[in-house]
>>> print(open('target_1.pdb').read())   # PDB, C-alpha atoms
ATOM      1  CA  GLN A   9      -3.246  -2.497  18.075  1.00  0.00           C
ATOM      2  CA  THR A  10      -1.642   0.085  15.805  1.00  0.00           C
ATOM      3  CA  ILE A  11       0.760  -0.464  12.947  1.00  0.00           C
ATOM      4  CA  PHE A  12       3.346   1.659  11.169  1.00  0.00           C
ATOM      5  CA  ALA A  13       4.758   1.555   7.639  1.00  0.00           C
ATOM      6  CA  GLU A  14       7.722  -0.571   8.734  1.00  0.00           C
ATOM      7  CA  ASP A  15       5.317  -3.181  10.113  1.00  0.00           C
ATOM      8  CA  LEU A  16       3.512  -3.719   6.811  1.00  0.00           C
ATOM      9  CA  ILE A  17       5.510  -6.601   5.380  1.00  0.00           C
ATOM     10  CA  GLU A  18       3.535  -9.441   3.901  1.00  0.00           C
ATOM     11  CA  PRO A  19       4.931 -12.941   4.549  1.00  0.00           C
ATOM     12  CA  THR A  20       3.847 -14.168   1.111  1.00  0.00           C
ATOM     13  CA  ASN A  21       6.491 -14.447  -1.591  1.00  0.00           C
ATOM     14  CA  ILE A  22       5.464 -13.928  -5.191  1.00  0.00           C
ATOM     15  CA  ASN A  23       8.089 -14.582  -7.840  1.00  0.00           C
ATOM     16  CA  SER A  24      10.715 -14.613  -5.043  1.00  0.00           C
ATOM     17  CA  SER A  25      10.050 -11.013  -4.056  1.00  0.00           C
ATOM     18  CA  SER A  26       8.545  -9.924  -0.754  1.00  0.00           C
ATOM     19  CA  LEU A  27       5.525  -7.685  -0.750  1.00  0.00           C
ATOM     20  CA  LYS A  28       5.456  -4.630   1.488  1.00  0.00           C
ATOM     21  CA  LEU A  29       2.188  -2.765   1.670  1.00  0.00           C
ATOM     22  CA  GLY A  30       2.645   0.839   0.633  1.00  0.00           C
ATOM     23  CA  ASP A  31       6.080   0.286  -0.945  1.00  0.00           C
ATOM     24  CA  ILE A  32       4.772   0.390  -4.500  1.00  0.00           C
ATOM     25  CA  ASP A  33       8.102   1.059  -6.216  1.00  0.00           C
ATOM     26  CA  GLY A  34       9.817  -1.709  -4.233  1.00  0.00           C
ATOM     27  CA  ASN A  35      12.694   0.416  -2.954  1.00  0.00           C
ATOM     28  CA  GLY A  36      12.231  -0.677   0.659  1.00  0.00           C
ATOM     29  CA  THR A  37      10.642   2.537   1.926  1.00  0.00           C
ATOM     30  CA  VAL A  38       7.124   3.956   1.929  1.00  0.00           C
ATOM     31  CA  ASP A  39       7.446   7.529   0.666  1.00  0.00           C
ATOM     32  CA  ASN A  40       5.965  10.211  -1.578  1.00  0.00           C
ATOM     33  CA  LEU A  41       7.112   8.435  -4.744  1.00  0.00           C
ATOM     34  CA  ASP A  42       4.812   5.566  -3.796  1.00  0.00           C
ATOM     35  CA  LEU A  43       1.967   8.089  -3.438  1.00  0.00           C
ATOM     36  CA  VAL A  44       2.696   9.492  -6.912  1.00  0.00           C
ATOM     37  CA  LEU A  45       2.756   5.985  -8.402  1.00  0.00           C
ATOM     38  CA  MET A  46      -0.528   5.039  -6.755  1.00  0.00           C
ATOM     39  CA  SER A  47      -2.127   8.198  -8.120  1.00  0.00           C
ATOM     40  CA  GLN A  48      -0.850   7.405 -11.618  1.00  0.00           C
ATOM     41  CA  PHE A  49      -2.231   3.879 -11.384  1.00  0.00           C
ATOM     42  CA  LEU A  50      -5.626   5.132 -10.211  1.00  0.00           C
ATOM     43  CA  ILE A  51      -5.990   7.546 -13.119  1.00  0.00           C
ATOM     44  CA  LYS A  52      -4.823   4.808 -15.499  1.00  0.00           C
ATOM     45  CA  GLU A  53      -1.620   6.587 -16.607  1.00  0.00           C
ATOM     46  CA  ILE A  54       0.349   3.399 -16.027  1.00  0.00           C
ATOM     47  CA  GLU A  55      -0.579  -0.245 -15.491  1.00  0.00           C
ATOM     48  CA  PRO A  56       0.680  -1.814 -12.233  1.00  0.00           C
ATOM     49  CA  THR A  57       2.405  -5.168 -12.004  1.00  0.00           C
ATOM     50  CA  TYR A  58       0.858  -7.814  -9.770  1.00  0.00           C
ATOM     51  CA  GLU A  59       3.294  -6.984  -6.950  1.00  0.00           C
ATOM     52  CA  GLU A  60       2.666  -3.239  -7.265  1.00  0.00           C
ATOM     53  CA  GLU A  61      -1.081  -3.784  -7.190  1.00  0.00           C
ATOM     54  CA  LYS A  62      -0.830  -5.936  -4.048  1.00  0.00           C
ATOM     55  CA  ASN A  63       1.371  -3.306  -2.354  1.00  0.00           C
ATOM     56  CA  MET A  64      -1.215  -0.612  -3.189  1.00  0.00           C
ATOM     57  CA  ASP A  65      -4.076  -2.402  -1.418  1.00  0.00           C
ATOM     58  CA  ILE A  66      -3.251  -0.955   2.008  1.00  0.00           C
ATOM     59  CA  ASN A  67      -6.554  -1.951   3.602  1.00  0.00           C
ATOM     60  CA  ILE A  68      -6.457  -5.394   1.966  1.00  0.00           C
ATOM     61  CA  ASN A  69      -9.971  -5.336   0.537  1.00  0.00           C
ATOM     62  CA  ASP A  70      -8.972  -6.321  -3.028  1.00  0.00           C
ATOM     63  CA  VAL A  71      -9.914  -2.855  -4.327  1.00  0.00           C
ATOM     64  CA  ILE A  72      -7.473  -0.008  -5.004  1.00  0.00           C
ATOM     65  CA  ASP A  73      -9.295   3.253  -4.327  1.00  0.00           C
ATOM     66  CA  ILE A  74      -9.147   6.593  -2.521  1.00  0.00           C
ATOM     67  CA  SER A  75      -9.148   4.912   0.896  1.00  0.00           C
ATOM     68  CA  ASP A  76      -5.805   3.288   0.026  1.00  0.00           C
ATOM     69  CA  ILE A  77      -4.392   6.706  -0.949  1.00  0.00           C
ATOM     70  CA  VAL A  78      -5.566   8.166   2.358  1.00  0.00           C
ATOM     71  CA  LEU A  79      -3.961   5.325   4.317  1.00  0.00           C
ATOM     72  CA  LEU A  80      -0.743   5.574   2.295  1.00  0.00           C
ATOM     73  CA  LYS A  81      -0.522   9.311   2.965  1.00  0.00           C
ATOM     74  CA  ARG A  82      -1.070   8.687   6.680  1.00  0.00           C
ATOM     75  CA  LEU A  83       1.750   6.117   6.693  1.00  0.00           C
ATOM     76  CA  ILE A  84       4.086   8.545   4.922  1.00  0.00           C
ATOM     77  CA  MET A  85       3.262  11.225   7.490  1.00  0.00           C
ATOM     78  CA  GLY A  86       4.069   8.765  10.279  1.00  0.00           C
ATOM     79  CA  ASP A  87       0.512   8.489  11.564  1.00  0.00           C
ATOM     80  CA  GLU A  88      -0.722   5.366  13.258  1.00  0.00           C
ATOM     81  CA  ILE A  89      -3.382   3.354  11.480  1.00  0.00           C
ATOM     82  CA  GLU A  90      -5.620   0.670  12.884  1.00  0.00           C
ATOM     83  CA  THR A  91      -5.123  -3.014  12.173  1.00  0.00           C
ATOM     84  CA  PHE A  92      -6.431  -4.359   8.879  1.00  0.00           C
ATOM     85  CA  ASP A  93      -9.412  -6.086  10.488  1.00  0.00           C
ATOM     86  CA  ASN A  94     -10.640  -2.717  11.723  1.00  0.00           C
ATOM     87  CA  LEU A  95     -10.053  -1.053   8.342  1.00  0.00           C
ATOM     88  CA  LYS A  96     -12.315  -3.353   6.370  1.00  0.00           C
ATOM     89  CA  ALA A  97     -15.774  -1.938   5.804  1.00  0.00           C
TER      90      ALA A  97
END
>>> encode(input="target_1.pdb", output="structure tokens")
Amino acid sequence: QTIFAEDLIEPTNINSSSLKLGDIDGNGTVDNLDLVLMSQFLIKEIEPTYEEEKNMDININDVIDISDIVLLKRLIMGDEIETFDNLKA
């Protein structure tokens, strides 16, 4: 099974806001601004909120790292990615 950016909505509500993997800025779309924000978080320029951090963990392994950036870039480019079970190492 493959998934696309629009399929990455988490059913969990935190503080009454829905999480959407990859949508770090919470504007409803997964785009280059989200990639910039993730990069800033990774180099410690800014500190993410809980919701932002959860939206950055694209492969849902509780670690934000280069693999999440790669997956985010693929989503922005419209590439298919495998299901989360297949992404976990």
>>> resolve_selection(input="target_1.pdb", expression="the PyMOL selection byres ((chain A and resi 60) around 12)", output="PyMOL selection string")
chain A and resi 22+25-35+42-43+45-46+49+54-59+61-66+72
>>> atom_distance(input="target_1.pdb", atom1="atom CA of Ile84 of chain A", atom2="atom CA of Leu41 of chain A")
10.1 Å
>>> atom_distance(input="target_1.pdb", atom1="atom CA of Arg82 of chain A", atom2="atom CA of Gly36 of chain A")
17.3 Å
